[in-house]
Amino acid sequence: MQDRPTIDELLEAVRRFLADEVVPATDGRRQFLARVAANALDLVRRELATEAAHAEREWRGLDALLGPEPMPRERAELAAAVRRRNQALCKRIRAGAYDAGSSERAALLAHVRATVHDKLEVTNRAYVDADAKRG
Amino acid sequence: MDPARITAALGPLLERELGGAVTLSGVRSMTGGAAREAWALDATVSRAGRADERLALVLLLFRPGGQRAFSAHDELRLLQATSAAGAPVPRPVLAGEVEGRSFYVMERLEGETIGRRLVRDERWTKARAALPAQLARALAAIHRVPVGAGELGFLPRPAPGVPVATSEIDRLEELYRQVTVEPHPAFEIALRWLRAHQPPPGDVTLVHGDFRIGNVMVGEEGLRAVLDWELAHVGDPLEDVGWLCVRSWRFGADHLPLGGIGTREELFRAYAEASGREVDPEVVRFWEVYGNLRWGVFTLLQARAFLDGVVPSVELASIGRRTAETEWELLNLIEGRAF
């Protein structure tokens with residue numbers, strides 16, 4: 001076990017340095033890139049906080065569409081398995097299994113919408129918030 | 001390149017083109033792109049018996065080996081053709097070669113191009129009110145440029161006998177399969193949807209290909225010039241109308257599909273009036289879906305440059321995480337839930 005600060009606390013410290021000290025002290029292209037870098041750290045913090053829940057939801061959604069499979073616990077193994085299953089899903093989409101009129105289309109759209117929503121929770125929450133506000 | 005060499009090389013060429021004695025001054029480097037250097041310069045043209053003419057110019061000098069869609073001569077031809085059709089573009093002056101590198105010179109215009117400012121700042125309120133009709137008229141003019149046999153022959157265009165929509169979907173799908181690292185179910189859904197919703201064959205015209213807020217120069221009074229012609233091609237004019245509505249260029253004003261400044265209805269009405277072409281909202285929706293997928297594939301392409309180590313920039317890395325925005329909007333459009 002590492003000592004404090006935690007990963008999250010360290011990332012926040014670096015983000016604050018970029019946003020509060022580098023951004024005001026620079027201009028033009030460098031200032032823009034410092035802002036982008038600070039935002040990227042924010043994104044990493046949100047991903048670390050949500051990735052387990054998001055992976056679980058995506059896996060269950062794929063289970064519902066492709067049939068259940070045990071979910072790997074090890075991180076790299078899980079990533080490889082999710083990619084393999086998404087490739088299988090893409091192949092089914094390309095073969096027309098979910099075209100208009102298919103009884104599975106609604107389930108597919110709901111699953112893809114939920115996984116994209118989870119990605120945006122990490123990468124650009126304002127995007128989905130704007131839609132939610134509209135109702 | 002440096003100012004002295006530019007002055008020495010360009011002076012005689014400009015004198016021949018403009019028919020007078022040319023004095024160049026204020027040669028200075030501007031922010032260029034990856035493919036070319038940009039230089040600002042001021043020319044004074046003296047002709048016998050006439051008052052001096054002052055010209056603000058920009059020199060675009062292609063970098064050796066840089067990626068580019070068109071040659072300098074072809075870009076100049078495109079500006080000449082669109083200008084002749086009445087589209088607001090920087091006045092084209094001349095193209096040539098200097099020290100083995102190709103270049104062209106056009107008029108230098110002042111104005112705002114940053115989308116975020118144009119959509120949000122109070123300073124541009126008047127411009128925002130004028131822009132929908134001006135953009136529609138500019139598009140109508142672009143779409144009148146002759147692109148028949150032998151005209152602007154360098155432009156990409158559909159193979160004979162292949163419908164425009166099919167040709168565009170094919171090209172985009174090929175690029176997607178080439179660049180994608182991860183599977184994208186939302187993009188596969190969009191590709192199926194596009195194949196099933198191709199509009200019936202209509203007019204085939206010049207298409208700007210990247211006509212949006214951010215690629216036009218705006219003054220207090222509104223539109224000054226249409227810029228960034230690198231993605232021009234021959235296709236369906238409504239492709240430009242759909243692209244203009246893609247959510248990624250609304251700069252936070254999501255409820256205004258016309259680039260964060262106007263409604264779809266406003267744009268369709270103004271474009272129909274200016275072009276005499278009927279606007280079927282379903283056909284524009286097809287091209288808006290296509291546009292979101294195209295921008296999504298472009299984000300993959302830019303992220304690839306980072307992933308392959310070609311451009312190790314935090315900006316391109318971050319663009320890789322913007323793909324999800326286009327996936328979201330594709331689902332909204334396909335399910336009839338878009339703004």
# chains A, B, ... in the order shown; residues from 1 in each chain; ligands from 1
$ interface_residues --of "chain A" --to "chain B" --cutoff "9 Å" --atoms "only C-alpha atoms" --output "JSON, numbers by chain"
{"A": [32, 33, 34, 36, 37, 39, 40, 83, 84, 86, 87, 89, 90, 91, 93, 94, 96, 98, 99, 100, 109, 112, 113, 116, 117, 119, 120, 123, 124, 126, 127, 128, 130, 131, 134]}
$ select_by_dssp --residues "segment 26-235 of chain B" --states "strand (DSSP E)" --output "JSON, numbers by chain"
{"B": [26, 27, 28, 29, 30, 36, 37, 38, 39, 40, 41, 42, 43, 44, 45, 46, 53, 54, 55, 56, 57, 58, 59, 60, 61, 62, 92, 93, 94, 95, 96, 97, 98, 101, 102, 103, 104, 105, 106, 107, 205, 206, 207, 216, 217, 218, 219, 222, 223, 224, 225, 226, 233, 234, 235]}
$ residues_around --residues "segment 9-12 of chain A" --least-positions-apart "2" --cutoff "12 Å" --atoms "only C-alpha atoms" --output "mmCIF file with C-alpha atoms, in the first residue's frame"
data_model
loop_
_atom_site.group_PDB
_atom_site.id
_atom_site.type_symbol
_atom_site.label_atom_id
_atom_site.label_comp_id
_atom_site.auth_asym_id
_atom_site.auth_seq_id
_atom_site.Cartn_x
_atom_site.Cartn_y
_atom_site.Cartn_z
ATOM 1 C CA ASP A 3 1.447 6.330 1.376
ATOM 2 C CA ARG A 4 -0.853 9.298 0.903
ATOM 3 C CA PRO A 5 -1.444 11.235 -1.304
ATOM 4 C CA THR A 6 -3.618 8.818 -3.251
ATOM 5 C CA ILE A 7 -3.580 8.621 -7.051
ATOM 6 C CA VAL A 14 -0.882 18.310 -10.900
ATOM 7 C CA ARG A 15 -4.133 19.482 -12.464
ATOM 8 C CA ARG A 16 -4.272 22.453 -10.119
ATOM 9 C CA PHE A 17 -0.670 23.346 -10.908
ATOM 10 C CA LEU A 18 -1.446 23.318 -14.651
ATOM 11 C CA ALA A 19 -4.735 25.214 -14.368
ATOM 12 C CA ASP A 20 -3.777 27.759 -11.698
ATOM 13 C CA ALA A 37 -3.591 18.861 -20.303
ATOM 14 C CA ALA A 38 -5.419 19.993 -17.144
ATOM 15 C CA ASN A 39 -8.717 18.804 -18.627
ATOM 16 C CA ALA A 40 -7.145 15.451 -19.502
ATOM 17 C CA LEU A 41 -6.174 14.933 -15.857
ATOM 18 C CA ASP A 42 -9.738 15.711 -14.785
ATOM 19 C CA LEU A 43 -10.910 13.111 -17.259
ATOM 20 C CA VAL A 44 -8.494 10.517 -15.832
ATOM 21 C CA ARG A 45 -9.784 11.183 -12.305
ATOM 22 C CA ARG A 46 -13.397 10.682 -13.396
ATOM 23 C CA LEU A 48 -10.672 6.025 -12.241
#
$ residues_around --residues "Val241 of chain B" --least-positions-apart "6" --cutoff "10 Å" --atoms "only C-alpha atoms" --output "list of chain:residue names"
B:Leu135, B:Ala136, B:Leu139, B:Val207, B:Gly209, B:Phe211, B:Arg212, B:Leu258, B:Arg264, B:Leu267, B:Phe268, B:Tyr271, B:Val279, B:Val283, B:Val284, B:Arg285, B:Trp287, B:Glu288, B:Gly291
$ select_by_dssp --residues "segment 132-301 of chain B" --states "helix (DSSP H, G or I)" --output "number ranges by chain"
B: 132-142, 164-179, 185-196, 237-244, 247-249, 264-275, 281-301
